[in-house]
>>> print(open('query_39.cif').read())   # mmCIF, C-alpha atoms
data_my_file
loop_
_atom_site.label_atom_id
_atom_site.label_comp_id
_atom_site.auth_asym_id
_atom_site.auth_seq_id
_atom_site.Cartn_x
_atom_site.Cartn_y
_atom_site.Cartn_z
CA MET A 21 0.00 0.00 0.00
CA ILE A 22 1.90 2.98 -1.34
CA ALA A 23 0.15 5.45 0.97
CA LEU A 24 1.36 3.53 4.03
CA GLU A 25 4.94 3.27 2.75
CA GLN A 26 4.87 7.00 2.13
CA LYS A 27 3.51 7.66 5.63
CA ILE A 28 6.21 5.50 7.20
CA ILE A 29 8.85 7.46 5.29
CA ASN A 30 7.33 10.83 6.18
CA GLU A 31 6.39 10.25 9.82
CA GLY A 32 8.29 7.16 10.99
CA ARG A 33 11.53 7.49 12.90
CA VAL A 34 14.27 4.87 12.85
CA MET A 35 15.57 4.65 16.39
CA PRO A 36 18.89 3.19 17.62
CA GLY A 37 18.89 -0.60 17.18
CA ASN A 38 16.83 -0.29 13.98
CA ILE A 39 13.58 0.10 15.90
CA LEU A 40 10.90 1.78 13.83
CA ASN A 41 8.84 4.33 15.75
CA VAL A 42 5.46 5.00 14.12
CA GLY A 43 3.96 6.29 17.35
CA SER A 44 2.65 9.40 15.63
CA PHE A 45 0.04 7.48 13.61
CA LEU A 46 -0.04 3.75 14.40
CA ASN A 47 0.88 3.24 18.02
CA GLN A 48 0.17 5.51 20.94
CA GLN A 49 -1.26 8.15 18.64
CA LEU A 50 -3.55 6.85 15.91
CA ASP A 51 -4.39 8.52 12.62
CA ALA A 52 -7.96 7.28 12.65
CA ALA A 53 -8.85 8.51 9.16
CA PHE A 54 -5.77 6.74 7.77
CA LEU A 55 -6.65 3.58 9.73
CA TRP A 56 -9.91 3.67 7.83
CA GLU A 57 -8.03 3.77 4.51
CA MET A 58 -6.02 0.75 5.64
CA GLY A 59 -9.28 -0.95 6.57
CA GLU A 60 -10.56 -0.38 3.04
CA GLU A 61 -7.41 -1.90 1.55
CA VAL A 62 -7.68 -4.99 3.77
CA ALA A 63 -11.36 -5.33 2.87
CA ARG A 64 -10.36 -5.25 -0.80
CA LEU A 65 -7.70 -7.93 -0.30
CA TYR A 66 -10.10 -10.27 1.54
CA LYS A 67 -13.21 -9.49 -0.48
CA ASP A 68 -15.47 -12.50 -1.17
CA CYS A 69 -13.60 -14.65 1.36
CA GLY A 70 -16.63 -15.05 3.62
CA ILE A 71 -14.92 -13.62 6.71
CA THR A 72 -17.23 -13.89 9.75
CA LYS A 73 -14.84 -12.68 12.46
CA ILE A 74 -11.77 -10.55 12.90
CA LEU A 75 -9.37 -11.64 15.63
CA THR A 76 -6.63 -9.44 17.07
CA ILE A 77 -4.77 -9.02 20.35
CA GLU A 78 -4.79 -6.09 22.77
CA ALA A 79 -3.81 -3.31 22.89
CA SER A 80 -2.47 -1.66 19.75
CA GLY A 81 -3.91 -4.29 17.38
CA ILE A 82 -7.43 -3.18 18.34
CA ALA A 83 -7.30 0.07 16.38
CA VAL A 84 -6.44 -1.52 13.02
CA ALA A 85 -8.86 -4.37 13.64
CA VAL A 86 -11.76 -2.00 14.40
CA ALA A 87 -11.12 -0.10 11.17
CA VAL A 88 -11.07 -3.34 9.18
CA GLY A 89 -14.19 -4.60 10.95
CA ALA A 90 -16.08 -1.36 10.40
CA VAL A 91 -15.37 -1.43 6.67
CA MET A 92 -16.08 -5.17 6.29
CA LYS A 93 -19.02 -5.02 8.74
CA VAL A 94 -17.68 -8.02 10.63
CA PRO A 95 -17.40 -8.34 14.44
CA VAL A 96 -13.96 -7.82 15.96
CA LEU A 97 -12.72 -10.05 18.77
CA PHE A 98 -9.58 -9.28 20.70
CA ALA A 99 -7.55 -11.70 22.78
CA LYS A 100 -6.78 -10.35 26.24
CA LYS A 101 -3.32 -10.68 27.71
CA HIS A 102 -3.01 -12.15 31.17
CA ARG A 103 0.07 -12.67 33.25
CA SER A 104 -1.36 -15.68 35.01
CA GLY A 105 -3.28 -18.64 33.69
CA ASN A 106 -6.09 -17.93 36.13
CA VAL A 107 -9.00 -17.01 33.85
CA ALA A 108 -12.66 -17.63 34.63
CA GLY A 109 -15.25 -19.12 32.29
CA ALA A 110 -14.93 -21.24 29.15
CA VAL A 111 -12.07 -19.84 27.10
CA HIS A 112 -9.58 -20.60 24.38
CA LYS A 113 -6.10 -19.88 25.66
CA VAL A 114 -2.51 -19.97 24.38
CA THR A 115 0.85 -19.03 25.80
CA ILE A 116 2.80 -16.51 23.75
CA HIS A 117 6.40 -15.49 24.25
CA SER A 118 7.12 -11.77 24.10
CA TYR A 119 10.56 -11.13 22.61
CA THR A 120 10.07 -7.44 23.42
CA HIS A 121 9.54 -7.99 27.13
CA GLY A 122 11.36 -11.30 27.51
CA ASN A 123 8.48 -13.10 29.19
CA ASP A 124 5.47 -15.30 28.45
CA TYR A 125 1.84 -14.29 28.66
CA GLU A 126 -1.52 -15.95 28.15
CA ALA A 127 -3.76 -14.76 25.31
CA VAL A 128 -7.39 -15.54 26.02
CA VAL A 129 -10.73 -15.31 24.23
CA PRO A 130 -14.10 -16.47 25.58
CA SER A 131 -15.19 -19.64 23.77
CA GLU A 132 -18.63 -18.17 23.08
CA TYR A 133 -17.17 -15.52 20.76
CA LEU A 134 -14.98 -17.81 18.63
CA ARG A 135 -16.82 -20.79 17.24
CA SER A 136 -16.20 -23.71 14.95
CA ASP A 137 -18.19 -22.20 12.09
CA ASP A 138 -16.22 -18.93 12.10
CA ARG A 139 -14.05 -17.93 9.14
CA VAL A 140 -11.39 -15.80 10.78
CA LEU A 141 -9.23 -12.95 9.55
CA LEU A 142 -6.31 -12.29 11.91
CA VAL A 143 -5.35 -8.61 12.14
CA ASP A 144 -2.43 -6.92 13.85
CA ASP A 145 -0.47 -3.70 13.57
CA PHE A 146 3.00 -5.29 13.49
CA LEU A 147 4.48 -8.61 12.42
CA ALA A 148 8.10 -9.38 13.28
CA ASN A 149 9.02 -12.84 14.56
CA GLY A 150 5.40 -13.91 14.31
CA ALA A 151 4.91 -15.12 17.89
CA ALA A 152 1.69 -13.15 18.45
CA LEU A 153 0.28 -14.10 15.05
CA ARG A 154 1.06 -17.78 15.67
CA GLY A 155 -0.79 -17.47 18.95
CA LEU A 156 -3.86 -16.16 17.13
CA VAL A 157 -3.64 -19.01 14.61
CA GLU A 158 -3.51 -21.47 17.51
CA LEU A 159 -6.49 -19.83 19.27
CA THR A 160 -8.51 -20.10 16.06
CA LYS A 161 -7.60 -23.76 15.65
CA GLN A 162 -8.54 -24.46 19.27
CA ALA A 163 -11.99 -23.15 18.44
CA GLY A 164 -12.16 -25.45 15.43
CA ALA A 165 -12.57 -22.35 13.25
CA GLU A 166 -10.83 -21.62 9.97
CA VAL A 167 -7.94 -19.19 9.52
CA VAL A 168 -8.70 -17.51 6.21
CA GLY A 169 -5.62 -15.34 6.46
CA ALA A 170 -3.89 -12.49 8.21
CA ALA A 171 -3.77 -8.76 7.52
CA ILE A 172 -0.90 -6.77 9.01
CA ALA A 173 -0.16 -3.09 8.80
CA ILE A 174 3.65 -3.23 8.95
CA GLU A 175 5.74 -6.37 8.61
CA LYS A 176 9.43 -6.47 9.42
CA GLY A 177 10.37 -8.75 6.53
CA PHE A 178 13.91 -9.29 7.80
CA GLN A 179 12.61 -10.99 10.95
CA LYS A 180 11.03 -13.77 8.88
CA GLY A 181 7.93 -14.41 11.00
CA GLY A 182 5.67 -13.61 8.04
CA ASP A 183 7.65 -15.66 5.53
CA SER A 184 7.67 -18.71 7.84
CA LEU A 185 3.90 -18.57 8.12
CA ARG A 186 3.54 -18.13 4.34
CA GLU A 187 5.72 -21.20 3.79
CA GLU A 188 3.35 -23.11 6.06
CA GLY A 189 0.45 -22.11 3.85
CA VAL A 190 -1.04 -19.24 5.86
CA ARG A 191 -2.12 -16.31 3.69
CA VAL A 192 -0.36 -13.26 5.16
CA GLU A 193 -1.04 -9.86 3.60
CA SER A 194 1.02 -6.97 4.92
CA LEU A 195 0.25 -3.44 3.78
CA ALA A 196 3.93 -2.56 4.00
CA ILE A 197 6.91 -4.90 4.36
CA ILE A 198 10.21 -3.46 5.53
CA GLU A 199 13.01 -5.47 3.96
CA SER A 200 15.88 -3.66 5.63
CA PHE A 201 17.14 -0.50 7.23
CA ASN A 202 19.99 0.65 5.03
CA ASN A 203 21.95 3.22 7.07
CA GLY A 204 18.69 4.48 8.53
CA LYS A 205 16.96 4.48 5.14
CA ILE A 206 13.88 2.25 5.03
CA VAL A 207 13.83 -0.27 2.17
CA PHE A 208 10.43 -1.80 1.37
CA ARG A 209 9.82 -5.18 -0.22
CA SER A 210 8.24 -4.81 -3.63
CA GLN A 211 4.76 -6.34 -3.63
CA GLY A 212 3.80 -5.21 -7.11
CA MET B 1 -28.91 7.22 21.58
CA ILE B 2 -31.91 4.97 21.19
CA ALA B 3 -30.06 2.41 19.05
CA LEU B 4 -27.51 1.87 21.84
CA GLU B 5 -30.18 1.52 24.54
CA GLN B 6 -31.93 -1.02 22.34
CA LYS B 7 -28.69 -2.92 21.78
CA ILE B 8 -27.96 -3.00 25.52
CA ILE B 9 -31.45 -4.41 26.13
CA ASN B 10 -31.14 -6.98 23.33
CA GLU B 11 -27.55 -8.14 23.82
CA GLY B 12 -26.48 -7.03 27.30
CA ARG B 13 -26.62 -9.39 30.24
CA VAL B 14 -27.09 -8.26 33.81
CA MET B 15 -24.78 -10.44 35.91
CA PRO B 16 -24.89 -11.07 39.68
CA GLY B 17 -23.94 -7.91 41.57
CA ASN B 18 -25.64 -5.75 38.93
CA ILE B 19 -22.67 -5.96 36.58
CA LEU B 20 -23.62 -5.25 32.99
CA ASN B 21 -21.94 -7.54 30.48
CA VAL B 22 -21.85 -6.04 26.98
CA GLY B 23 -18.94 -8.24 25.91
CA SER B 24 -20.75 -9.29 22.75
CA PHE B 25 -20.49 -5.84 21.16
CA LEU B 26 -18.54 -3.35 23.28
CA ASN B 27 -15.90 -5.16 25.23
CA GLN B 28 -13.97 -8.25 24.20
CA GLN B 29 -16.02 -8.58 21.04
CA LEU B 30 -16.69 -5.34 19.18
CA ASP B 31 -19.50 -4.62 16.77
CA ALA B 32 -17.33 -2.44 14.55
CA ALA B 33 -20.14 -1.25 12.28
CA PHE B 34 -22.13 -0.18 15.34
CA LEU B 35 -19.07 1.53 16.82
CA TRP B 36 -19.04 3.59 13.65
CA GLU B 37 -22.67 4.62 14.26
CA MET B 38 -21.71 5.68 17.78
CA GLY B 39 -18.80 7.63 16.30
CA GLU B 40 -21.22 9.49 14.05
CA GLU B 41 -23.42 10.38 17.03
CA VAL B 42 -20.46 11.70 19.02
CA ALA B 43 -19.30 13.69 16.00
CA ARG B 44 -22.77 15.24 15.81
CA LEU B 45 -22.73 16.15 19.53
CA TYR B 46 -19.29 17.80 19.29
CA LYS B 47 -19.69 19.33 15.85
CA ASP B 48 -18.13 22.79 15.45
CA CYS B 49 -16.25 22.49 18.76
CA GLY B 50 -12.84 22.64 17.10
CA ILE B 51 -11.65 19.31 18.51
CA THR B 52 -7.99 18.67 17.57
CA LYS B 53 -7.36 15.49 19.55
CA ILE B 54 -9.22 12.55 21.03
CA LEU B 55 -7.81 11.13 24.23
CA THR B 56 -8.71 7.72 25.66
CA ILE B 57 -7.11 5.01 27.78
CA GLU B 58 -6.14 1.48 26.81
CA ALA B 59 -7.45 -1.08 26.17
CA SER B 60 -11.19 -1.15 25.58
CA GLY B 61 -11.53 2.64 25.18
CA ILE B 62 -9.44 2.47 22.01
CA ALA B 63 -12.19 0.94 19.88
CA VAL B 64 -14.76 3.66 20.56
CA ALA B 65 -12.13 6.37 20.27
CA VAL B 66 -10.93 5.11 16.88
CA ALA B 67 -14.48 5.13 15.55
CA VAL B 68 -15.01 8.69 16.80
CA GLY B 69 -11.65 9.79 15.41
CA ALA B 70 -12.29 8.21 12.02
CA VAL B 71 -15.63 10.01 11.66
CA MET B 72 -14.30 13.34 12.98
CA LYS B 73 -10.96 12.94 11.16
CA VAL B 74 -9.07 13.80 14.32
CA PRO B 75 -6.00 11.94 15.71
CA VAL B 76 -6.62 9.56 18.60
CA LEU B 77 -4.20 9.36 21.50
CA PHE B 78 -4.43 6.68 24.14
CA ALA B 79 -2.89 6.75 27.59
CA LYS B 80 -0.93 3.61 28.38
CA LYS B 81 -1.29 1.92 31.73
CA HIS B 82 1.85 1.12 33.66
CA ARG B 83 2.24 -0.61 36.96
CA SER B 84 5.39 1.25 37.81
CA GLY B 85 6.28 4.91 37.50
CA ASN B 86 9.36 4.00 35.45
CA VAL B 87 8.59 5.50 32.03
CA ALA B 88 11.18 6.81 29.59
CA GLY B 89 11.02 10.11 27.73
CA ALA B 90 9.05 13.29 28.33
CA VAL B 91 5.55 12.32 29.38
CA HIS B 92 2.41 13.50 31.09
CA LYS B 93 1.53 11.08 33.85
CA VAL B 94 -1.20 10.60 36.45
CA THR B 95 -2.00 7.98 39.04
CA ILE B 96 -5.47 6.43 38.75
CA HIS B 97 -7.14 4.15 41.25
CA SER B 98 -8.87 1.11 39.80
CA TYR B 99 -11.94 0.22 41.85
CA THR B 100 -12.31 -2.92 39.72
CA HIS B 101 -8.86 -4.27 40.52
CA GLY B 102 -8.31 -2.53 43.87
CA ASN B 103 -4.95 -1.03 42.92
CA ASP B 104 -3.36 2.10 41.47
CA TYR B 105 -1.78 2.44 38.06
CA GLU B 106 -0.01 5.15 36.10
CA ALA B 107 -1.62 6.49 32.93
CA VAL B 108 0.97 7.95 30.60
CA VAL B 109 1.04 9.87 27.31
CA PRO B 110 4.15 11.20 25.56
CA SER B 111 4.31 14.99 25.88
CA GLU B 112 4.92 15.41 22.16
CA TYR B 113 1.43 14.09 21.32
CA LEU B 114 -0.57 16.24 23.76
CA ARG B 115 0.21 19.92 23.48
CA SER B 116 -0.94 23.18 24.97
CA ASP B 117 -2.82 24.22 21.82
CA ASP B 118 -4.87 20.99 21.68
CA ARG B 119 -8.64 21.04 22.15
CA VAL B 120 -9.32 17.63 23.58
CA LEU B 121 -12.33 15.32 23.49
CA LEU B 122 -12.06 12.56 26.10
CA VAL B 123 -13.59 9.26 24.99
CA ASP B 124 -14.20 6.03 26.88
CA ASP B 125 -16.46 3.03 26.67
CA PHE B 126 -17.66 3.13 30.30
CA LEU B 127 -18.11 5.74 32.98
CA ALA B 128 -18.89 4.66 36.53
CA ASN B 129 -17.12 6.35 39.45
CA GLY B 130 -15.21 8.54 37.02
CA ALA B 131 -11.67 7.75 38.20
CA ALA B 132 -10.34 7.02 34.71
CA LEU B 133 -12.07 10.06 33.19
CA ARG B 134 -10.71 12.31 35.93
CA GLY B 135 -7.27 10.94 35.12
CA LEU B 136 -7.71 11.94 31.48
CA VAL B 137 -8.88 15.43 32.53
CA GLU B 138 -5.76 15.75 34.69
CA LEU B 139 -3.47 14.56 31.85
CA THR B 140 -4.98 17.16 29.55
CA LYS B 141 -4.52 19.91 32.12
CA GLN B 142 -0.89 18.84 32.68
CA ALA B 143 -0.35 19.46 28.97
CA GLY B 144 -1.92 22.90 29.29
CA ALA B 145 -4.54 21.80 26.75
CA GLU B 146 -8.27 22.37 26.90
CA VAL B 147 -10.85 19.73 27.84
CA VAL B 148 -13.72 20.46 25.48
CA GLY B 149 -15.75 17.59 26.88
CA ALA B 150 -16.13 13.85 27.21
CA ALA B 151 -18.03 11.29 25.15
CA ILE B 152 -18.89 7.99 26.78
CA ALA B 153 -20.67 4.98 25.37
CA ILE B 154 -22.33 3.70 28.55
CA GLU B 155 -22.56 5.61 31.82
CA LYS B 156 -23.65 4.00 35.07
CA GLY B 157 -25.65 6.97 36.29
CA PHE B 158 -26.15 5.52 39.76
CA GLN B 159 -22.39 5.61 40.43
CA LYS B 160 -22.36 9.41 40.12
CA GLY B 161 -18.93 9.84 38.48
CA GLY B 162 -20.51 11.54 35.47
CA ASP B 163 -22.79 13.79 37.52
CA SER B 164 -19.91 14.93 39.75
CA LEU B 165 -17.91 15.96 36.69
CA ARG B 166 -20.93 17.74 35.19
CA GLU B 167 -21.38 19.67 38.46
CA GLU B 168 -17.75 20.76 38.15
CA GLY B 169 -18.48 22.15 34.70
CA VAL B 170 -17.12 19.37 32.49
CA ARG B 171 -19.35 18.62 29.51
CA VAL B 172 -20.04 14.87 29.68
CA GLU B 173 -22.13 13.31 26.91
CA SER B 174 -23.06 9.67 27.38
CA LEU B 175 -24.80 7.78 24.59
CA ALA B 176 -26.69 5.71 27.15
CA ILE B 177 -27.05 6.33 30.89
CA ILE B 178 -28.19 3.47 33.09
CA GLU B 179 -30.12 4.89 36.01
CA SER B 180 -30.78 1.62 37.79
CA PHE B 181 -31.17 -2.12 37.54
CA ASN B 182 -34.72 -2.81 38.68
CA ASN B 183 -34.90 -6.55 39.40
CA GLY B 184 -32.56 -7.19 36.50
CA LYS B 185 -34.47 -4.79 34.22
CA ILE B 186 -32.31 -1.96 32.89
CA VAL B 187 -33.74 1.53 33.46
CA PHE B 188 -32.21 4.31 31.33
CA ARG B 189 -32.07 7.98 32.22
CA SER B 190 -34.17 10.05 29.86
CA GLN B 191 -31.97 12.42 27.85
CA GLY B 192 -34.72 13.74 25.59
#
>>> encode(input="query_39.cif", output="structure tokens")
Amino acid sequence: MIALEQKIINEGRVMPGNILNVGSFLNQQLDAAFLWEMGEEVARLYKDCGITKILTIEASGIAVAVAVGAVMKVPVLFAKKHRSGNVAGAVHKVTIHSYTHGNDYEAVVPSEYLRSDDRVLLVDDFLANGAALRGLVELTKQAGAEVVGAAIAIEKGFQKGGDSLREEGVRVESLAIIESFNNGKIVFRSQG
Amino acid sequence: MIALEQKIINEGRVMPGNILNVGSFLNQQLDAAFLWEMGEEVARLYKDCGITKILTIEASGIAVAVAVGAVMKVPVLFAKKHRSGNVAGAVHKVTIHSYTHGNDYEAVVPSEYLRSDDRVLLVDDFLANGAALRGLVELTKQAGAEVVGAAIAIEKGFQKGGDSLREEGVRVESLAIIESFNNGKIVFRSQG
């Protein structure tokens, strides 16, 4: 999505350690009108796929997922993060490792909201090593539902989480894929 | 907003202890198309108020705020919750007491995203005792910015947080106000 690549170039900041800061529009501050444009692009990519549910994970994934859900008119479900495994009620639950924080957490959705007849689109803002996205795949499988695919705003292509999932047959669509940081210059993967 | 009252009656569940569960459309599962309708109603209420920023708090406030921001075409900023006061960079920060969890947490926004010339609309999904909303008022004041008002999806009128703020001169618009639970039947405050 050219508009997203352009926005990353214009507003993103490459921090020490090749960390991309897009906090001005996609993290702590959200450009809601632009989120809507991203939602329209995702809806175009997954048109006629019979999506019945969008699944994301709190907190920053919610914004993109809501935009996608509003355009597609599909309910959005988000997995909650818990530090302990002590969750009440009937739930689907997986353990996800956070490379950012160096710990594990539980991602939980109530069973009643994710059912075996759901056709699920996984949505997240970032994809790097793929741990969170794999967790969402696993949650969907636990429910006996079908993973139709994933839609990501920004993928860090050099961390290979997306490519591993693609090799395993999961459809992963990322609106922008960063191939490398070349002396602070952002190089995108061509998706033409 | 009649459509919201109707949705609460149709899909909400009153749990033991008079807790309202709207998890099927406003909490863990989100009716994104309906969120958009709520966004349009909030945009109507705050039309011509010169709003430059929407401020909410993670996690479940983000969904409503994004819908409002997308309709109003205004950036959305969310305060992050931290357990410790150890936050890097220049920030505005307040301590909020959670009556739900019985502890305090820090709510933090980077200073660069909330500035003295901002005209701020506070948005949240729920308003009960008002602790979170007061925290957002305080964050805005720390930035030297102006609180134009607040927009809430569901207010628990009987917990008086909204009325206290109104008495102090804060404009608080709630799309539905629950006045009481009468033997499990939900009674709304008339806002005609």
>>> closest_residue(input="query_39.cif", among="A:Ala83, A:Ala171, A:Leu153, A:Ala23", to="A:Val62", atoms="only C-alpha atoms")
A:Ala171
>>> atom_distance(input="query_39.cif", atom1="atom CA of A:Val143", atom2="atom CA of A:Ala85")
5.7 Å
>>> resolve_selection(input="query_39.cif", expression="the PyMOL selection byres ((chain B and resi 69) around 12)", output="NGL selection string")
(:A and (49-56 or 83 or 86-87)) or (:B and (35-36 or 38-43 or 46 or 51-56 or 62-68 or 70-78 or 120-123 or 151))
>>> residues_near_point(input="query_39.cif", point="(-8.0, 0.8, 26.7)", cutoff="9 Å", atoms="only C-alpha atoms", output="list in words")
Glu78 and Ala79 of chain A; Thr56, Ile57, Glu58, Ala59, Ser60, Gly61, Ile62, Ala63, Phe78, Ala79, Lys80, Lys81, Asp124 and Asp125 of chain B
>>> resolve_selection(input="query_39.cif", expression="the PyMOL selection byres ((chain A and resi 146-149) around 10)", output="PyMOL selection string")
chain A and resi 46-47+80-81+118-119+143-145+150-154+171-184+192+194+196-198
>>> atom_distance(input="query_39.cif", atom1="atom CA of B:Asp117", atom2="atom CA of B:Gln142")
12.3 Å
>>> atom_distance(input="query_39.cif", atom1="atom CA of B:Glu11", atom2="atom CA of A:Ser136")
21.2 Å
>>> build_atoms(input="query_39.cif", residues="stretch 3-20 of chain B", atoms="N, CA and C atoms", output="mmCIF file, in the frame of the given file")
data_model
loop_
_atom_site.group_PDB
_atom_site.id
_atom_site.type_symbol
_atom_site.label_atom_id
_atom_site.label_comp_id
_atom_site.auth_asym_id
_atom_site.auth_seq_id
_atom_site.Cartn_x
_atom_site.Cartn_y
_atom_site.Cartn_z
ATOM 1 N N ALA B 3 -30.595 3.667 19.611
ATOM 2 C CA ALA B 3 -30.060 2.410 19.050
ATOM 3 C C ALA B 3 -29.146 1.704 20.052
ATOM 4 N N LEU B 4 -28.393 2.487 20.840
ATOM 5 C CA LEU B 4 -27.510 1.870 21.840
ATOM 6 C C LEU B 4 -28.330 1.294 22.992
ATOM 7 N N GLU B 5 -29.318 2.052 23.463
ATOM 8 C CA GLU B 5 -30.180 1.520 24.540
ATOM 9 C C GLU B 5 -30.816 0.207 24.106
ATOM 10 N N GLN B 6 -31.284 0.193 22.855
ATOM 11 C CA GLN B 6 -31.930 -1.020 22.340
ATOM 12 C C GLN B 6 -30.946 -2.184 22.289
ATOM 13 N N LYS B 7 -29.702 -1.871 21.886
ATOM 14 C CA LYS B 7 -28.690 -2.920 21.780
ATOM 15 C C LYS B 7 -28.319 -3.467 23.159
ATOM 16 N N ILE B 8 -28.262 -2.564 24.150
ATOM 17 C CA ILE B 8 -27.960 -3.000 25.520
ATOM 18 C C ILE B 8 -29.076 -3.943 26.000
ATOM 19 N N ILE B 9 -30.316 -3.567 25.708
ATOM 20 C CA ILE B 9 -31.450 -4.410 26.130
ATOM 21 C C ILE B 9 -31.407 -5.757 25.417
ATOM 22 N N ASN B 10 -31.108 -5.738 24.111
ATOM 23 C CA ASN B 10 -31.140 -6.980 23.330
ATOM 24 C C ASN B 10 -29.951 -7.897 23.617
ATOM 25 N N GLU B 11 -28.759 -7.307 23.765
ATOM 26 C CA GLU B 11 -27.550 -8.140 23.820
ATOM 27 C C GLU B 11 -26.847 -8.126 25.173
ATOM 28 N N GLY B 12 -27.141 -7.103 26.003
ATOM 29 C CA GLY B 12 -26.480 -7.030 27.300
ATOM 30 C C GLY B 12 -27.012 -8.075 28.260
ATOM 31 N N ARG B 13 -26.181 -8.444 29.213
ATOM 32 C CA ARG B 13 -26.620 -9.390 30.240
ATOM 33 C C ARG B 13 -26.317 -8.793 31.600
ATOM 34 N N VAL B 14 -27.316 -8.754 32.455
ATOM 35 C CA VAL B 14 -27.090 -8.260 33.810
ATOM 36 C C VAL B 14 -26.628 -9.446 34.663
ATOM 37 N N MET B 15 -25.390 -9.349 35.161
ATOM 38 C CA MET B 15 -24.780 -10.440 35.910
ATOM 39 C C MET B 15 -25.010 -10.217 37.411
ATOM 40 N N PRO B 16 -24.769 -11.242 38.226
ATOM 41 C CA PRO B 16 -24.890 -11.070 39.680
ATOM 42 C C PRO B 16 -24.062 -9.887 40.155
ATOM 43 N N GLY B 17 -24.613 -9.113 41.080
ATOM 44 C CA GLY B 17 -23.940 -7.910 41.570
ATOM 45 C C GLY B 17 -24.225 -6.713 40.684
ATOM 46 N N ASN B 18 -25.259 -6.835 39.845
ATOM 47 C CA ASN B 18 -25.640 -5.750 38.930
ATOM 48 C C ASN B 18 -24.493 -5.287 38.034
ATOM 49 N N ILE B 19 -23.709 -6.256 37.563
ATOM 50 C CA ILE B 19 -22.670 -5.960 36.580
ATOM 51 C C ILE B 19 -23.253 -6.164 35.199
ATOM 52 N N LEU B 20 -23.094 -5.152 34.349
ATOM 53 C CA LEU B 20 -23.620 -5.250 32.990
ATOM 54 C C LEU B 20 -22.554 -5.808 32.069
#
